[in-house]
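So the structure is just underneath, and the comments pick up after that.
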Amino acid sequence: MTDCLGLLLVVAVTAANIGDRDAAMGLLQRLRRLHRDITLVWADGGYTGSLVDWCRDKLALTWRSSSEPTT
C-alpha cells in the first residue's frame, strides 16, 4: 500500500493462491496500526462489498473506489 505520492506505507507478501481481496484485511489492519492519521483509502473497483463495510466499521477508514465518480 502506498500514499498518494507512491511512497510505500505497508506491504504484504502472500502465496500465489491468496487473492488480493483476501489479503486486504490484514494489510488494512497493519496500515491502521502503523498510520493512525490516515482516514481515506483509495482502491481499485474490484474491492467492494463486505470489505468496504468492514473497513468502515472496524477500522474507521473511509473507502473510495477508483470506479466511483468524484464530486
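Simple scheme: letters A, B, ... for chains in C-alpha cells order, numbers from 1 for residues in each chain, numbers from 1 for ligands in the order shown.
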
- Message: Show me, as a PyMOL selection string, the residues that have an atom within 9 Å of Val41 (chain A) when counting only C-alpha atoms, minus same-chain residues fewer than 4 positions from it.
- Response: chain A and resi 61-65

- Distance query Gln29 (chain A) at most 12 Å, only C-alpha atoms, self and fewer than 2 positions along chain excluded, as a list in words: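 With the cut-off at 12 Å, the set is Met1, Val10, Val11, Ala12, Ala23, Ala24, Met25, Gly26, Leu27, Leu31, Arg32, Arg33, Leu34, His35, Arg36, Ile38, Leu51, Trp54, Cys55, Arg56, Lys58, Leu59, Ala60 and Leu61 of chain A.
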
- DSSP-assigned helix (DSSP H, G or I) among chain A, expressed as number ranges by chain: A: 20-34, 50-59

- Task: Would you please give, as a list in words, all residues of chain A that DSSP assigns to strand (DSSP E or B) based on the backbone?
- Result: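 Filtering chain A down to strand (DSSP E or B) leaves Thr2, Leu8, Leu40, Val41, Trp42, Ala43, Thr62, Trp63, Arg64 and Ser65 of chain A.
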
How about saving the chosen residues, N, CA, C and O atoms kept, as an mmCIF file, in the first residue's frame?
data_model
loop_
_atom_site.group_PDB
_atom_site.id
_atom_site.type_symbol
_atom_site.label_atom_id
_atom_site.label_comp_id
_atom_site.auth_asym_id
_atom_site.auth_seq_id
_atom_site.Cartn_x
_atom_site.Cartn_y
_atom_site.Cartn_z
ATOM 1 N N THR A 2 0.531 2.211 -0.796
ATOM 2 C CA THR A 2 1.332 3.427 -0.910
ATOM 3 C C THR A 2 0.501 4.644 -0.553
ATOM 4 O O THR A 2 -0.725 4.592 -0.515
ATOM 5 N N LEU A 8 5.870 3.851 -0.159
ATOM 6 C CA LEU A 8 5.404 2.642 0.497
ATOM 7 C C LEU A 8 5.019 2.905 1.952
ATOM 8 O O LEU A 8 5.793 3.486 2.715
ATOM 9 N N LEU A 40 -8.533 7.977 4.797
ATOM 10 C CA LEU A 40 -9.136 7.722 3.495
ATOM 11 C C LEU A 40 -8.286 6.730 2.713
ATOM 12 O O LEU A 40 -7.072 6.886 2.621
ATOM 13 N N VAL A 41 -8.954 5.719 2.145
ATOM 14 C CA VAL A 41 -8.281 4.708 1.339
ATOM 15 C C VAL A 41 -8.894 4.731 -0.056
ATOM 16 O O VAL A 41 -10.113 4.640 -0.202
ATOM 17 N N TRP A 42 -8.055 4.880 -1.067
ATOM 18 C CA TRP A 42 -8.484 4.768 -2.469
ATOM 19 C C TRP A 42 -8.083 3.388 -2.946
ATOM 20 O O TRP A 42 -6.951 2.954 -2.730
ATOM 21 N N ALA A 43 -9.004 2.703 -3.616
ATOM 22 C CA ALA A 43 -8.714 1.343 -4.074
ATOM 23 C C ALA A 43 -9.323 1.098 -5.445
ATOM 24 O O ALA A 43 -10.211 1.826 -5.888
ATOM 25 N N THR A 62 -12.463 5.630 5.626
ATOM 26 C CA THR A 62 -13.366 5.931 4.526
ATOM 27 C C THR A 62 -12.794 5.289 3.273
ATOM 28 O O THR A 62 -11.609 5.429 2.981
ATOM 29 N N TRP A 63 -13.636 4.599 2.534
ATOM 30 C CA TRP A 63 -13.216 3.832 1.370
ATOM 31 C C TRP A 63 -13.734 4.499 0.111
ATOM 32 O O TRP A 63 -14.911 4.785 -0.005
ATOM 33 N N ARG A 64 -12.867 4.731 -0.840
ATOM 34 C CA ARG A 64 -13.260 5.265 -2.147
ATOM 35 C C ARG A 64 -12.716 4.331 -3.218
ATOM 36 O O ARG A 64 -11.572 3.904 -3.159
ATOM 37 N N SER A 65 -13.564 4.045 -4.187
ATOM 38 C CA SER A 65 -13.176 3.186 -5.292
ATOM 39 C C SER A 65 -12.810 4.041 -6.494
ATOM 40 O O SER A 65 -13.421 5.081 -6.736
#

- Message: I'd like the interatomic distance between CA of Asp57 (chain A) and CA of Asp20 (chain A), to a tenth of an Å.
- Response: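 Taking CA of Asp57 (chain A) as the start and CA of Asp20 (chain A) as the end point, the length is 20.2 Å.
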
- Item | Between CA of Arg30 (chain A) and CA of Gly6 (chain A) - distance in Å to one decimal | 17.7 Å
